[in-house]
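Undergrad: Attaching a single structure in structure tokens format; questions to follow.
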Amino acid sequence: MRKILFIFASLPVLAWSLVVEDDIPPMLQECYNEQTYSNSLDVQTNCLQKYLFHLFGNSTQQTLLDKNALDWIDSLGRSLHNRLKRQASYNRYNTYNRYNRYNRYQRPIPSVDRRRVRKEIRTLTDQERQVFFDAINALKNDRSASPNQYDVLALMHQTGALASAHRGPNFPSWHRYYLLIFEEACIRKRSRFVLPYWDSSIDYRMSDPSESVLWTEIFLGNGRGVVYTGPFAMWKTPANNTYLRRDIPGANSSLVNPDTIVNVFRKRYNREILTPTAATDEDNLENHHDGVHRWVGGQDGHMGGLETSPQDPVFFLHHCYIDYIWEVFRERQQRLGINTEEDYPETTNENHHPNRMMDNLSPPRTNKWGYSNQFTERNGIYRYAPAPTCANRCGGAYNGYLFCNRRTGHCEPRTKRQFIDMGGFRNIDSPYINDQPMVASAANTQAAQGGRFRPSSESRLSSSNPAPSILRHFETHIVDPRTRTTRKKRSIATFDTDNVAIQSSYHPNVLATIPVKIINTHHLSGNNQNSFENVNFVQQISTFNVSYETVGFSYNGNHTGHIIIDEKTQTAESTVMIAFKKPMLGVTTAHVRVYDSYGGICKSECFEPGFKFYKECSGVLKITTDLPLMFNDLSGHIQDSQRPYMIFKCYN
């Protein structure tokens, strides 16, 4: 154990403390040792979550499901498989065995297409949309499985699924099975339920997508802060018991760009559109998917975190659209004569091995099983209605939610103001529309009488209630320039609720800080440096994040932040302040780690005061009330004369 000793006599001091390196807890180290790729960010995160659950139980973000919940999930999977068998049997019987006895030529009767039709949410009738909302709220209110049936489904997207359902060829497969189980649960609540999709490429064409009518109470509720309007208003989530929250538009994010998603449709094989073998970020389907998560969730919203994203129903609409894109890609493969069921990319990642059983989904099926055609072929269980275009009259969108922009030749959503001005609310019977009209100005009073939703902006709820504690955000590889931030470092000086992801029982006055230095060395790929055709691509995707996090071992809480690195900068140095609970009269133990957007873990080094150099260390710190004095100024100011206690070296 090595001590890190510094005296800052001339600096303001709010606490007495000694910082020393501590050993990695044996249980956590054992988890690392059991993994093949122990230096993987996914492995480290999963092991940390298991250890935190051991320490704090259900008060941590990871929630383990009880036997009733697991049995319920298993029953959903078995119902799904029985539905597949019945559907296949029904169609085979009609197509091959059932003949019209009065038909002299004995022609088979054409089979009836009994597949459910998934449509864009703005093309649903008001009645279809209400069935969708009612089914989801029925799951949320059903506590026969703990904490409730909706949250049980949301929590399936944690633990092992973080590593095996993302950043690899199992990404579309696992989520297809996940959507089917979710849809099966909703059908039990409302038999006419069909999962819709949200085509975010339509919203991308708007000058300000956050003003879409989608983010009003007649659809998904307000898009910023605590969700206090619409069908999911004031939902409590299992993420530290916080209210459902969004952060539209998230910094350095993107909706699906209709001009770049075409790169996916130009490819022939799954290895060309999936991680890690896709040639460019714009070819990678999962990268397009990640940008939407960050656009909706931002830094503090549930959709922005891998563990928390399904706690917002927008998750299932978004993933249904990603599944739609994948299905369009697979249909093109079939026209080209490619066997879609066998086109599972080769991988060295054991979590994505084709014959490995999927995590958290039951009954268990192999990763490759999701590539089967049985779900969407004619004797399957669902198909997709084409995405809205001017050619199909915007999918027959009801009440003017979408319109054909004749100037651009593309369908676009109505804005909130446009919908008010056209009196669109007069014909809508929705239990979620407020009684009081929204009046923007005296001139628009008359026009506003038909539109009665509240402004979708930050409410006092957002400032008085904590944001969820997000351990890991979705990566951002594709950035809409309209969301790009010019901030090089996220300020944590105020230590308000939004910036410090620490349990609400801890007031900022009980927090302490120490400085750490992050040194990032970035190597541009040869393609990006030398290929003329990639110049525009490099200019567009010019930044990535390096995140830093302090996870409490002696207290239940964590602090997160990130810095933004320019990809064209080979070496960048930043000094940031990390926060932890003050030791007071006891001892504080916390784990500090830094990682980049590519999933790389940065190497930690601690200062050796006796030798005056930095040496590799565990990243676990123990802070005591012993002498000498340590700098703990909560103002967050970093002074030039202050030596960082730790250095993290990142290579990407």
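Following the order of the structure tokens, chains are lettered A, B, ..., residues in each are numbered from 1, and ligands are numbered from 1.
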Mind checking which residues fall within 10 Å of A:Ala88, counting only C-alpha atoms, ignoring those fewer than 6 positions away in the same chain, and posting them as a count of residues only?
TA: 8
Undergrad: Would you list the contacts of A:His293 as a ChimeraX atom specification, taking every protein, DNA or RNA residue within 10 Å and counting only C-alpha atoms, but skipping same-chain residues closer than 6 positions in sequence?
TA: /A:250,253-255,301-306,309,314-315,318-319,473-476
Undergrad: Any chance you could export the current selection's C-alpha atoms as a PDB file, in the first residue's frame?
TA:
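So result-v9.pdb came out as:
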```
ATOM      1  CA  GLY A 250     -28.405  15.507 -26.052  1.00  0.00           C
ATOM      2  CA  SER A 253     -25.658  13.073 -30.576  1.00  0.00           C
ATOM      3  CA  SER A 254     -27.694  12.415 -33.693  1.00  0.00           C
ATOM      4  CA  LEU A 255     -30.991  11.064 -34.867  1.00  0.00           C
ATOM      5  CA  GLY A 301     -31.814  11.097 -19.210  1.00  0.00           C
ATOM      6  CA  HIS A 302     -32.537   7.397 -18.872  1.00  0.00           C
ATOM      7  CA  MET A 303     -32.237   6.727 -22.617  1.00  0.00           C
ATOM      8  CA  GLY A 304     -28.599   7.801 -22.517  1.00  0.00           C
ATOM      9  CA  GLY A 305     -27.413   4.896 -20.343  1.00  0.00           C
ATOM     10  CA  LEU A 306     -26.938   1.261 -21.327  1.00  0.00           C
ATOM     11  CA  SER A 309     -32.439   3.082 -21.426  1.00  0.00           C
ATOM     12  CA  VAL A 314     -39.007   5.398 -26.302  1.00  0.00           C
ATOM     13  CA  PHE A 315     -36.399   2.612 -26.184  1.00  0.00           C
ATOM     14  CA  HIS A 318     -36.411   3.234 -31.359  1.00  0.00           C
ATOM     15  CA  HIS A 319     -35.238  -0.389 -31.368  1.00  0.00           C
ATOM     16  CA  HIS A 473     -23.430   6.064 -21.487  1.00  0.00           C
ATOM     17  CA  PHE A 474     -23.913   5.002 -25.074  1.00  0.00           C
ATOM     18  CA  GLU A 475     -20.953   5.835 -27.272  1.00  0.00           C
ATOM     19  CA  THR A 476     -21.260   8.568 -29.876  1.00  0.00           C
TER      20      THR A 476
END
```
Undergrad: Of the candidates A:Val194, A:Val227, A:Leu274, A:Ile578, which shows the shortest atom-to-atom distance to A:Arg383, using only C-alpha atoms?
TA: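 Among the listed residues, A:Val194 lies closest to A:Arg383.
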Undergrad: Within 12 Å of stretch 23-37 of chain A, which residues of stretch 562-596 of chain A come that close, and what is the closest atom pair and distance in Å for each? Count only C-alpha atoms and give it as JSON lines.
TA:
```
{"residue": "A:Thr589", "atom": "CA", "partner": "A:Asp23", "partner_atom": "CA", "distance": 10.2}
{"residue": "A:Ala590", "atom": "CA", "partner": "A:Ile24", "partner_atom": "CA", "distance": 10.1}
{"residue": "A:His591", "atom": "CA", "partner": "A:Ile24", "partner_atom": "CA", "distance": 8.6}
{"residue": "A:Val592", "atom": "CA", "partner": "A:Ile24", "partner_atom": "CA", "distance": 11.2}
```
Undergrad: Can I get the selected residues back with all heavy atoms, as a PDB file, in the first residue's frame?
TA:
```
ATOM      1  N   THR A 589     -13.734   4.755   0.978  1.00  0.00           N
ATOM      2  CA  THR A 589     -13.065   3.945  -0.034  1.00  0.00           C
ATOM      3  C   THR A 589     -13.830   4.091  -1.338  1.00  0.00           C
ATOM      4  O   THR A 589     -15.067   3.974  -1.354  1.00  0.00           O
ATOM      5  CB  THR A 589     -13.020   2.464   0.368  1.00  0.00           C
ATOM      6  OG1 THR A 589     -12.440   2.349   1.667  1.00  0.00           O
ATOM      7  CG2 THR A 589     -12.189   1.660  -0.623  1.00  0.00           C
ATOM      8  N   ALA A 590     -13.122   4.356  -2.417  1.00  0.00           N
ATOM      9  CA  ALA A 590     -13.773   4.570  -3.715  1.00  0.00           C
ATOM     10  C   ALA A 590     -12.872   4.063  -4.824  1.00  0.00           C
ATOM     11  O   ALA A 590     -11.642   4.020  -4.690  1.00  0.00           O
ATOM     12  CB  ALA A 590     -14.099   6.044  -3.922  1.00  0.00           C
ATOM     13  N   HIS A 591     -13.503   3.678  -5.921  1.00  0.00           N
ATOM     14  CA  HIS A 591     -12.788   3.198  -7.097  1.00  0.00           C
ATOM     15  C   HIS A 591     -12.861   4.264  -8.181  1.00  0.00           C
ATOM     16  O   HIS A 591     -13.941   4.768  -8.498  1.00  0.00           O
ATOM     17  CB  HIS A 591     -13.425   1.898  -7.601  1.00  0.00           C
ATOM     18  CG  HIS A 591     -12.759   1.313  -8.813  1.00  0.00           C
ATOM     19  ND1 HIS A 591     -13.081   1.668 -10.096  1.00  0.00           N
ATOM     20  CD2 HIS A 591     -11.771   0.387  -8.919  1.00  0.00           C
ATOM     21  CE1 HIS A 591     -12.338   0.989 -10.947  1.00  0.00           C
ATOM     22  NE2 HIS A 591     -11.527   0.204 -10.258  1.00  0.00           N
ATOM     23  N   VAL A 592     -11.727   4.632  -8.741  1.00  0.00           N
ATOM     24  CA  VAL A 592     -11.666   5.653  -9.784  1.00  0.00           C
ATOM     25  C   VAL A 592     -11.249   4.978 -11.086  1.00  0.00           C
ATOM     26  O   VAL A 592     -10.288   4.199 -11.108  1.00  0.00           O
ATOM     27  CB  VAL A 592     -10.654   6.768  -9.427  1.00  0.00           C
ATOM     28  CG1 VAL A 592     -10.706   7.879 -10.470  1.00  0.00           C
ATOM     29  CG2 VAL A 592     -10.931   7.324  -8.034  1.00  0.00           C
TER      30      VAL A 592
END
```
Undergrad: Using only C-alpha atoms, pick whichever of A:Pro249, A:Gly619, A:Gly230, A:Gly223 has the shortest atom-to-atom distance to A:Arg484.
TA: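 Among the listed residues, A:Pro249 lies closest to A:Arg484.
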Undergrad: Write out as a ChimeraX atom specification which residues come within 12 Å of A:Gln149 when counting only C-alpha atoms, dropping same-chain ones fewer than 5 positions away.
TA: /A:65-66,68-73,76,135-144,154-156,181-182,185-186,188-189,238,311
Undergrad: Near stretch 362-366 of chain A, counting only C-alpha atoms, which residues have an atom at most 12 Å away, once you skip same-chain residues fewer than 3 positions from it, shown as a VMD selection string?
TA: chain A and resid 69 to 82 153 156 164 to 165 170 173 to 174 177 to 178 180 to 182 344 351 to 359 369 to 372
Undergrad: So which residues touch A:Ala572 within 8 Å, counting only C-alpha atoms, skipping near sequence neighbours fewer than 6 positions away, as an NGL selection string?
TA: :A and (519-521 or 565)
Undergrad: Could you tell me, as a VMD selection string, which residues of stretch 129-324 of chain A DSSP assigns to helix (DSSP H, G or I) when given the backbone?
TA: chain A and resid 129 to 141 149 to 155 160 to 164 171 to 189 200 to 204 209 to 211 213 to 215 262 to 265 270 to 272 281 to 283 285 to 297 302 to 304 309 to 311 314 to 324
Undergrad: Write out as a list in words the set of residues from stretch 94-283 of chain A that DSSP, computed on the backbone, places in strand (DSSP E or B).
TA: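 Going through stretch 94-283 of chain A, the strand (DSSP E or B) residues come out as Tyr99, Pro108, Arg116, Val117, Arg118, Glu120, Tyr197, Ser212, Arg224, Gly225, Val226, Lys236, Tyr243, Arg245, Arg246 and Asp247 of chain A.
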Undergrad: Quick one: of A:Val576, A:Val594, A:Ala233, A:Ile623, who's nearest to A:Pro313, counting only C-alpha atoms?
TA: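 Of A:Val576, A:Val594, A:Ala233, A:Ile623, the one nearest A:Pro313 is A:Ala233, counting only C-alpha atoms.
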Undergrad: Between A:Val264, A:Ala278, A:Val587, A:Ile601, which is the closest to A:Thr625 once you count only C-alpha atoms?
TA: A:Val587
Undergrad: Could you give me, as a Markdown table, every stretch 115-178 of chain A residue with an atom at most 7 Å from stretch 384-398 of chain A, plus its closest atom pair and distance in Å to one decimal, counting only C-alpha atoms, rows ordered by chain then number?
TA:
```
| residue | atom | partner | partner_atom | distance |
| --- | --- | --- | --- | --- |
| A:Val117 | CA | A:Tyr384 | CA | 5.4 |
| A:Arg118 | CA | A:Tyr384 | CA | 4.8 |
| A:Lys119 | CA | A:Ala385 | CA | 5.2 |
| A:Glu120 | CA | A:Ala387 | CA | 6.7 |
| A:Arg122 | CA | A:Ala397 | CA | 5.9 |
| A:Thr123 | CA | A:Ala397 | CA | 4.0 |
| A:Leu124 | CA | A:Tyr398 | CA | 7.0 |
| A:Thr125 | CA | A:Tyr398 | CA | 6.2 |
```
Undergrad: With N, CA and C atoms kept, could you save the residues just selected as a PDB file, in the first residue's frame?
TA:
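As a result, again-v3.pdb now contains:
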```
ATOM      1  N   VAL A 117     -48.745  -6.223 -38.160  1.00  0.00           N
ATOM      2  CA  VAL A 117     -48.105  -5.199 -38.986  1.00  0.00           C
ATOM      3  C   VAL A 117     -47.612  -4.068 -38.088  1.00  0.00           C
ATOM      4  N   ARG A 118     -46.292  -3.932 -37.976  1.00  0.00           N
ATOM      5  CA  ARG A 118     -45.698  -2.848 -37.198  1.00  0.00           C
ATOM      6  C   ARG A 118     -45.612  -1.590 -38.057  1.00  0.00           C
ATOM      7  N   LYS A 119     -46.181  -0.495 -37.554  1.00  0.00           N
ATOM      8  CA  LYS A 119     -46.256   0.757 -38.309  1.00  0.00           C
ATOM      9  C   LYS A 119     -45.503   1.865 -37.590  1.00  0.00           C
ATOM     10  N   GLU A 120     -45.186   2.923 -38.325  1.00  0.00           N
ATOM     11  CA  GLU A 120     -44.612   4.120 -37.718  1.00  0.00           C
ATOM     12  C   GLU A 120     -45.658   4.716 -36.781  1.00  0.00           C
ATOM     13  N   ARG A 122     -46.631   7.533 -35.834  1.00  0.00           N
ATOM     14  CA  ARG A 122     -47.478   8.659 -36.245  1.00  0.00           C
ATOM     15  C   ARG A 122     -48.456   8.290 -37.351  1.00  0.00           C
ATOM     16  N   THR A 123     -48.397   7.046 -37.820  1.00  0.00           N
ATOM     17  CA  THR A 123     -49.382   6.577 -38.799  1.00  0.00           C
ATOM     18  C   THR A 123     -50.468   5.727 -38.138  1.00  0.00           C
ATOM     19  N   LEU A 124     -50.376   5.509 -36.824  1.00  0.00           N
ATOM     20  CA  LEU A 124     -51.420   4.784 -36.114  1.00  0.00           C
ATOM     21  C   LEU A 124     -52.672   5.647 -35.995  1.00  0.00           C
ATOM     22  N   THR A 125     -53.818   5.015 -35.939  1.00  0.00           N
ATOM     23  CA  THR A 125     -55.032   5.748 -35.597  1.00  0.00           C
ATOM     24  C   THR A 125     -54.970   6.111 -34.113  1.00  0.00           C
TER      25      THR A 125
END
```
Undergrad: With only C-alpha atoms as the atoms that count, which of A:Cys602, A:Cys650, A:Cys617, A:Ile433 lies nearest to A:Glu217?
TA: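 Smallest distance to A:Glu217 is found for A:Ile433.
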Undergrad: Find the residues around A:Ser200 up to 10 Å (only C-alpha atoms counted), leave out those fewer than 3 positions away in its own chain, and share them as a list in words.
TA: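 These residues fall inside the cut-off: Glu120, Tyr197, Asp203, Tyr204, Arg205, Pro209, Ser254, Leu255, Val256, Asn257, Pro258, Val292, Leu317, His318, Tyr321 and Ile322 of chain A.
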Undergrad: How about saving the chosen residues, C-alpha atoms kept, as a PDB file, in the first residue's frame?
TA:
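So result_8.pdb came out as:
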```pdb
ATOM      1  CA  GLU A 120     -44.612   4.120 -37.718  1.00  0.00           C
ATOM      2  CA  TYR A 197     -41.631   2.023 -34.567  1.00  0.00           C
ATOM      3  CA  ASP A 203     -37.418  14.049 -37.537  1.00  0.00           C
ATOM      4  CA  TYR A 204     -33.797  14.569 -38.586  1.00  0.00           C
ATOM      5  CA  ARG A 205     -34.968  16.643 -41.552  1.00  0.00           C
ATOM      6  CA  PRO A 209     -36.370  18.041 -34.191  1.00  0.00           C
ATOM      7  CA  SER A 254     -27.694  12.415 -33.693  1.00  0.00           C
ATOM      8  CA  LEU A 255     -30.991  11.064 -34.867  1.00  0.00           C
ATOM      9  CA  VAL A 256     -30.740   8.614 -37.755  1.00  0.00           C
ATOM     10  CA  ASN A 257     -29.428  10.677 -40.663  1.00  0.00           C
ATOM     11  CA  PRO A 258     -31.377   9.710 -43.815  1.00  0.00           C
ATOM     12  CA  VAL A 292     -30.422   8.333 -31.026  1.00  0.00           C
ATOM     13  CA  LEU A 317     -40.006   2.427 -30.422  1.00  0.00           C
ATOM     14  CA  HIS A 318     -36.411   3.234 -31.359  1.00  0.00           C
ATOM     15  CA  TYR A 321     -37.040   1.052 -36.067  1.00  0.00           C
ATOM     16  CA  ILE A 322     -33.509  -0.373 -35.887  1.00  0.00           C
TER      17      ILE A 322
END
```
Undergrad: Can you tell me, as an mmCIF file with N, CA and C atoms, in the first residue's frame, what residues are no more than 9 Å from A:Ile428 when counting only C-alpha atoms, ignoring any on the same chain fewer than 6 positions away?
TA:
```cif
data_model
loop_
_atom_site.group_PDB
_atom_site.id
_atom_site.type_symbol
_atom_site.label_atom_id
_atom_site.label_comp_id
_atom_site.auth_asym_id
_atom_site.auth_seq_id
_atom_site.Cartn_x
_atom_site.Cartn_y
_atom_site.Cartn_z
ATOM 1 N N ASP A 126 -55.811 7.054 -33.702
ATOM 2 C CA ASP A 126 -55.838 7.427 -32.289
ATOM 3 C C ASP A 126 -56.174 6.221 -31.423
ATOM 4 N N ILE A 218 -49.817 14.020 -26.423
ATOM 5 C CA ILE A 218 -50.615 13.109 -27.232
ATOM 6 C C ILE A 218 -49.765 11.958 -27.764
ATOM 7 N N ASN A 399 -54.513 12.814 -38.789
ATOM 8 C CA ASN A 399 -54.603 14.120 -38.142
ATOM 9 C C ASN A 399 -53.434 15.044 -38.465
#
```
Undergrad: Pick the closest to A:Thr242 from A:Ile121, A:Ala145, A:Ile518, A:Ile470: which is it, counting only C-alpha atoms?
TA: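 Checking each of A:Ile121, A:Ala145, A:Ile518, A:Ile470 against A:Thr242, counting only C-alpha atoms, the winner is A:Ile470.
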